[in-house]
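Visitor: Just dropping this structure here.
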Amino acid sequence: MSLLAAKEISRQFDAEPVFSKLTFEVRKGERIGLVGPNGGGKSTLLNILVGQDEPDCGKIERHPSLRIELLEQEPVISSEKTLLEESKSGLAHLYELQNDAEWIAQKVAGETDPHQLEKLHRQYDSLQETLHRQKAYQIDHRVDRVLQGLGFATDDYEKPLNQFSGGQQNRAMLCKLLLQAPDILMLDEPTNHLDIEATEWLESYLTVCENSFIIVSHDRYFLDRVTNRIFELHRGKLSDYKGNFSAYWKQRDERKNIIARTHSKQQDFIAKTEDFIRKNKYGQKHTQASDREKKLGRIQKIELLDNFDSLSMNFGEPPHCGEWVIEAKNVSKGFGTPLFEKFTYRVDRGDRLGILGPNGSGKTTLLRTLIGDLQADAGSLRYGSGVKIVYFDQQLETVDRKLDAIEAVRPSDRPEITPGVIRSLLARFGLKGEIVFQPVGSMSGGEKSKVALTKLSIENGNVLVLDEPTNHLDLWSRDSLERALCDFSGTVLISSHDRYFLNRVCKSVIVLEAARWRDYAGNYDDYLHFTKRRNEEEKNEVPADSIVKMKQDLAKLKKTLQNDDPQIDKKKRKFPYRKVYDIEEEIAENEELFERLQSDLGNPEILRDEQRTRETREAYEDIREQLANLYQHWEEASELN
């Protein structure tokens with residue numbers, strides 16, 4: 001069923017249209033990702049679809065009963081309601097139904113007229129059926145689930161909304177819209193203010209959501225999880241792709257190659273036709289030449305697909321340094337309360353290390369402590385020989401906003417680098433033309449990020465330290481940055497919540513959790529796989545108290561056997577004859593080894609080494625099986641010896 005249709009819509013603010021003659025439908029159950037370069041008109045399109053703006057021409061057709069809501073990137077909130085009140089307003093219609101049902105119940109209690117009483121009963125039953133169908137008696141639980149899923153604590157519930165930060169207000173409005181559950185939910189960069197945990201919760205929520213939605217996002221991992229259709233908006237045109245982001249990325253590449261081959265063949269045909277016309281226009285074959293000229297005029301020329309990945313970011317060849325880069329021993333840091341303690345880790349040359357964790361877990365603090373920008377509270381840090389660290393700050397304070405792009409990246413200690421060389425380097429990072437002469441402070445977030453990345457490149461370090469480098473970059477700039485970092489032969493340390501980025505770039509990850517840290521070999525998906533497997537293994541482990549109970553039960557059985565209970569019949573042996581004392585000694589030795597291996601499986605040093613973890617796990621399983629057999633053997637020997 002079509003919920004909304006755009007027909008030949010166009011919008012223009014200045015000389016060039018934002019988009020022109022867009023036509024598409026949104027059907028029930030569709031989960032659409034809207035992608036395109038920054039400034040391409042994505043937010044403008046959402047505003048038109050929701051009715052906050054009007055197209056210059058064309059029309060929007062909406063289903064008569066359609067409910068549609070938009071979450072803006074930066075909502076303006078002046079509400080004095082508390083967080084809980086604002087969130088509950090998303091379910092106002094259900095709370096009204098509850099109040100109506102309560103009011104009718106009170107009327108029933110005081111009504112004596114039989115006819116009026118019957119009427120009230122019918123109204124009450126109808127309301128109860130509606131409340132039951134819409135699960136209205138669980139709405140407080142639903143509000144809690146969404147608020148806590150998006151990272152709010154119960155202590156936040158009674159705070160006025162206007163006292164929260166912009167990011168928290170954005171999450172509050174997202175909570176309200178999720179509870180409203182409109183037929184089409186439009187989300188403009190919903191994950192911008194979410195950490196990985198809250199983003200994963202939102203993914204799970206939207207995956208089972210029955211409503212349709214259109215999402216503008218640069219989070220490719222998120223788009224992969226929740227979408228089944230992709231709209232690409234670029235240079236005023238909309239292209240439609242089936243599937244999630246990865247499917248779109250593959251289809252677009254295939255489509256680009258097909259169009260390029262077709263374009264090449266058409267160009268060859270045009271060149272040969274023009275050559276024939278030129279040679280024969282006034283000769284014996286002039287009729288054929290004239291005919292071909294007419295046909296050539298009617299040919300619809302094939303346009304090449306826009307090449308988004310034209311950026312050629314690179315960080316050059318780094319100066320040589322020693323085998324190891326940074327060595328941390330028992331490093332601790334906090335502000336009042338510790339963010340991490342006893343952090344011991346060695347970063348080797350060529351490592352690409354990702355740091356992830358919830359908001360406020362200390363990712364930036366750990367990076368700044370490792371590079372010496374912050375003084376550690378305890379522990380020691382050493383740096384390898386020849387190490388040169390360069391730092392990308394997520395607040396972009398490493399570039400002077402009063403200067404233009406050329407002067408902002410010009411290194412004071414390298415006078416041989418001319419403005420022409422700098423302009424060429426800026427172009428590699430996507431800054432071309434007159435924009436390089438603008439003050440950095442007047443640029444967009446993405447443009448400022450590209451200035452800061454260019455500065456990082458020109459400083460020629462051998463250790464790149466990047467704190468949330470993808471925050472303001474569009475999909476294609478992120479892709480270029482990923483390729484540049486993978487090609488860089490130096491060392492890279494990255495703090496990021498962009499899981500797709502971490503997957504492509506990182507060889508290992510450090511995860512900051514409450515009051516502890518863990519490190520894992522591999523990228524983000526490897527970390528997920530390992531933690532999932534570890535959780536499953538922990539569920540399947542025989543708990544220590546079960547082993548104790550087993551021992552107690554066997555001790556009782558032994559005592560019973562020693563009392564020569566006449567009710568126990570002699571049985572045929574399953575195991576070879578052994579003295580009970582000998583079996584008990586072997587059980588004691590194996591129990592000691594079992595407990596030691598169980599302790600090893602919780603040792604971070606062992607867990608950091610995949611091979612040692614596997615060997616320890618195998619030994620643990622072998623001893624557990626041996627113990628099970630020994631307990632049975634002991635039981636048999638106690639009974640039959």
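Going by the structure tokens order, chains are called A, B, ..., each with residues numbered from 1, while ligands are numbered from 1 in the order shown.
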Can you list, as a compact mmCIF listing (two decimals) with C-alpha atoms, in the first residue's frame, all residues belonging to range 153-285 of chain A that DSSP tags as helix (DSSP H, G or I)?

Guide:
# COMPACT_ATOMS: atom_id res chain seq x y z
CA THR A 154 16.05 7.05 35.95
CA ASP A 155 17.65 10.02 37.74
CA ASP A 156 17.16 12.02 34.53
CA LEU A 161 14.19 19.19 29.20
CA ASN A 162 15.67 22.66 28.70
CA GLN A 163 18.43 21.81 31.19
CA GLY A 166 21.70 19.60 22.72
CA GLY A 167 22.63 15.96 22.17
CA GLN A 168 20.48 14.82 25.11
CA GLN A 169 17.54 16.88 23.85
CA ASN A 170 17.93 15.23 20.46
CA ARG A 171 17.75 11.80 22.14
CA ALA A 172 14.68 12.89 24.12
CA MET A 173 12.85 13.89 20.94
CA LEU A 174 13.86 10.59 19.34
CA CYS A 175 12.36 8.79 22.33
CA LYS A 176 9.10 10.72 21.94
CA LEU A 177 8.87 9.96 18.21
CA LEU A 178 9.59 6.25 18.67
CA LEU A 179 6.76 6.07 21.22
CA GLN A 180 4.42 7.96 18.87
CA ILE A 196 27.59 2.36 20.15
CA GLU A 197 25.44 0.71 22.84
CA ALA A 198 22.49 3.08 22.27
CA THR A 199 22.89 2.82 18.49
CA GLU A 200 22.74 -0.97 18.69
CA TRP A 201 19.59 -0.70 20.80
CA LEU A 202 18.01 1.63 18.22
CA GLU A 203 18.95 -0.82 15.46
CA SER A 204 17.23 -3.66 17.29
CA TYR A 205 14.16 -1.49 17.93
CA LEU A 206 13.81 -0.40 14.30
CA THR A 207 14.48 -3.90 12.97
CA ARG A 220 26.89 2.67 7.16
CA TYR A 221 26.76 -0.12 9.75
CA PHE A 222 23.44 1.29 11.00
CA LEU A 223 22.05 1.53 7.44
CA ASP A 224 23.11 -2.06 6.81
CA ARG A 225 21.17 -3.28 9.84
CA VAL A 226 17.87 -1.42 9.41
CA PHE A 245 23.69 -0.07 2.26
CA SER A 246 26.13 -2.85 1.31
CA ALA A 247 23.79 -4.00 -1.45
CA TYR A 248 23.52 -0.40 -2.71
CA TRP A 249 27.29 0.08 -2.60
CA LYS A 250 27.80 -3.06 -4.68
CA GLN A 251 24.96 -2.28 -7.12
CA ARG A 252 26.22 1.27 -7.61
CA ASP A 253 29.71 0.05 -8.40
CA GLU A 254 28.37 -2.51 -10.88
CA ARG A 255 26.07 0.09 -12.42
CA LYS A 256 28.95 2.58 -12.70
CA ASN A 257 31.09 0.00 -14.53
CA ILE A 258 28.28 -0.95 -16.91
CA ILE A 259 27.52 2.69 -17.71
CA ALA A 260 31.24 3.39 -18.21
CA ARG A 261 31.55 0.50 -20.70
CA THR A 262 28.37 1.56 -22.52
CA HIS A 263 29.54 5.18 -22.58
CA SER A 264 32.88 4.11 -24.03
CA LYS A 265 31.18 2.13 -26.78
CA GLN A 266 28.87 5.05 -27.55
CA GLN A 267 31.84 7.43 -27.74
CA ASP A 268 33.58 5.06 -30.18
CA PHE A 269 30.40 4.90 -32.29
CA ILE A 270 30.02 8.70 -32.27
CA ALA A 271 33.69 9.19 -33.21
CA LYS A 272 33.44 6.72 -36.12
CA THR A 273 30.14 8.22 -37.30
CA GLU A 274 31.54 11.77 -37.18
CA ASP A 275 34.60 10.59 -39.09
CA PHE A 276 32.36 9.02 -41.77
CA ILE A 277 30.28 12.19 -42.04
CA ARG A 278 33.38 14.38 -42.30
CA LYS A 279 34.87 12.23 -45.09
CA ASN A 280 31.70 11.69 -47.09

Visitor: Expressed in Å to a single decimal, how great is the separation between CA of Lys107 in chain A and CA of Ala92 in chain A?

Guide: 22.5 Å

Visitor: Identify, on the basis of only C-alpha atoms, every residue whose closest approach to range 378-391 of chain A does not exceed 10 Å; exclude the query and any residue fewer than 5 positions from it along the same chain; express the result as a ChimeraX atom specification.

Guide: /A:318-333,341-349,367-373,398,452-453,455-457,459-467,491-493

Visitor: If I take CA of Ser312 in chain A and CA of Asp188 in chain A, how far is one from the other in Å, to one decimal?

Guide: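 Distance reported for this atom pair: 28.4 Å.
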
Visitor: Give me, please, the distance in Å between CA of Phe392 in chain A and CA of Ala427 in chain A, quoted to one decimal.

Guide: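 Separation between CA of Phe392 in chain A and CA of Ala427 in chain A: 18.8 Å.
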
Visitor: So that I can check the secondary structure, give me every residue of range 354-417 of chain A assigned strand (DSSP E or B) by backbone DSSP, as number ranges by chain.

Guide: A: 354-356, 378-383, 389-392, 404

Visitor: Using C-alpha atoms, can you write the selected residues to a file as an mmCIF file, in the first residue's frame?

Guide:
data_model
loop_
_atom_site.group_PDB
_atom_site.id
_atom_site.type_symbol
_atom_site.label_atom_id
_atom_site.label_comp_id
_atom_site.auth_asym_id
_atom_site.auth_seq_id
_atom_site.Cartn_x
_atom_site.Cartn_y
_atom_site.Cartn_z
ATOM 1 C CA GLY A 354 40.729 1.266 17.601
ATOM 2 C CA ILE A 355 39.362 2.487 20.939
ATOM 3 C CA LEU A 356 35.639 2.183 21.597
ATOM 4 C CA ALA A 378 49.636 6.660 38.025
ATOM 5 C CA GLY A 379 51.837 4.353 35.984
ATOM 6 C CA SER A 380 54.427 5.096 33.335
ATOM 7 C CA LEU A 381 54.609 5.830 29.605
ATOM 8 C CA ARG A 382 57.551 5.369 27.255
ATOM 9 C CA TYR A 383 57.934 6.260 23.583
ATOM 10 C CA ILE A 389 52.953 11.749 16.939
ATOM 11 C CA VAL A 390 50.402 13.948 15.137
ATOM 12 C CA TYR A 391 46.913 14.418 16.568
ATOM 13 C CA PHE A 392 43.431 14.977 15.073
ATOM 14 C CA ASP A 404 42.132 30.534 5.608
#

Visitor: When distances are computed from only C-alpha atoms, which of A:Asp474, A:Glu434, A:Glu621, A:Asp351 shows the smallest separation from Val505 in chain A?

Guide: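 Smallest separation from Val505 in chain A among the options: A:Asp351.
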
Visitor: Looking at A:Leu238, A:Leu84, A:Leu512, A:Leu593, which one is nearest to Val143 in chain A, with distances taken over only C-alpha atoms?

Guide: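 Looking only at the distances to Val143 in chain A, the closest residue turns out to be A:Leu84.
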
Visitor: Determine, counting only C-alpha atoms, which protein, DNA and RNA residues have an atom within 12 Å of an atom of Asp53 in chain A; residues of the same chain fewer than 2 positions away are not included. Present the result as an MDAnalysis selection string.

Guide: chainID A and resid 9:12 43:51 55:56 59:60

Visitor: Print the selection's residues with N, CA and C atoms to a file, as a CSV table (one decimal), in the first residue's frame.

Guide:
chain,number,residue,atom,x,y,z
A,9,ILE,N,8.6,16.5,-8.2
A,9,ILE,CA,8.8,17.6,-7.3
A,9,ILE,C,10.2,18.3,-7.5
A,10,SER,N,10.3,19.6,-7.4
A,10,SER,CA,11.5,20.3,-7.6
A,10,SER,C,11.6,21.4,-6.5
A,11,ARG,N,12.8,21.8,-6.1
A,11,ARG,CA,13.0,22.8,-5.1
A,11,ARG,C,14.3,23.6,-5.4
A,12,GLN,N,14.2,24.9,-5.4
A,12,GLN,CA,15.3,25.8,-5.7
A,12,GLN,C,15.4,27.0,-4.8
A,43,SER,N,18.0,17.0,3.8
A,43,SER,CA,17.2,17.5,4.8
A,43,SER,C,16.0,18.3,4.2
A,44,THR,N,16.3,19.0,3.1
A,44,THR,CA,15.3,19.8,2.4
A,44,THR,C,14.2,18.8,1.9
A,45,LEU,N,14.5,17.7,1.4
A,45,LEU,CA,13.6,16.7,0.9
A,45,LEU,C,12.7,16.2,2.0
A,46,LEU,N,13.3,15.9,3.2
A,46,LEU,CA,12.5,15.4,4.3
A,46,LEU,C,11.5,16.5,4.8
A,47,ASN,N,11.9,17.7,4.8
A,47,ASN,CA,11.0,18.8,5.2
A,47,ASN,C,9.8,18.9,4.3
A,48,ILE,N,10.0,18.7,3.0
A,48,ILE,CA,8.9,18.8,2.0
A,48,ILE,C,8.0,17.6,2.2
A,49,LEU,N,8.6,16.4,2.4
A,49,LEU,CA,7.7,15.2,2.6
A,49,LEU,C,6.9,15.3,3.8
A,50,VAL,N,7.4,15.9,4.9
A,50,VAL,CA,6.6,16.0,6.1
A,50,VAL,C,5.7,17.2,6.2
A,51,GLY,N,5.8,18.1,5.2
A,51,GLY,CA,4.9,19.2,5.1
A,51,GLY,C,5.4,20.5,5.7
A,55,PRO,N,7.3,22.1,-2.3
A,55,PRO,CA,8.1,22.1,-3.5
A,55,PRO,C,7.7,23.3,-4.4
A,56,ASP,N,8.6,23.7,-5.3
A,56,ASP,CA,8.3,24.8,-6.2
A,56,ASP,C,7.4,24.3,-7.3
A,59,LYS,N,4.0,17.7,-6.9
A,59,LYS,CA,3.1,17.5,-5.7
A,59,LYS,C,3.4,16.3,-4.9
A,60,ILE,N,3.0,16.4,-3.7
A,60,ILE,CA,3.1,15.3,-2.7
A,60,ILE,C,1.7,14.8,-2.4
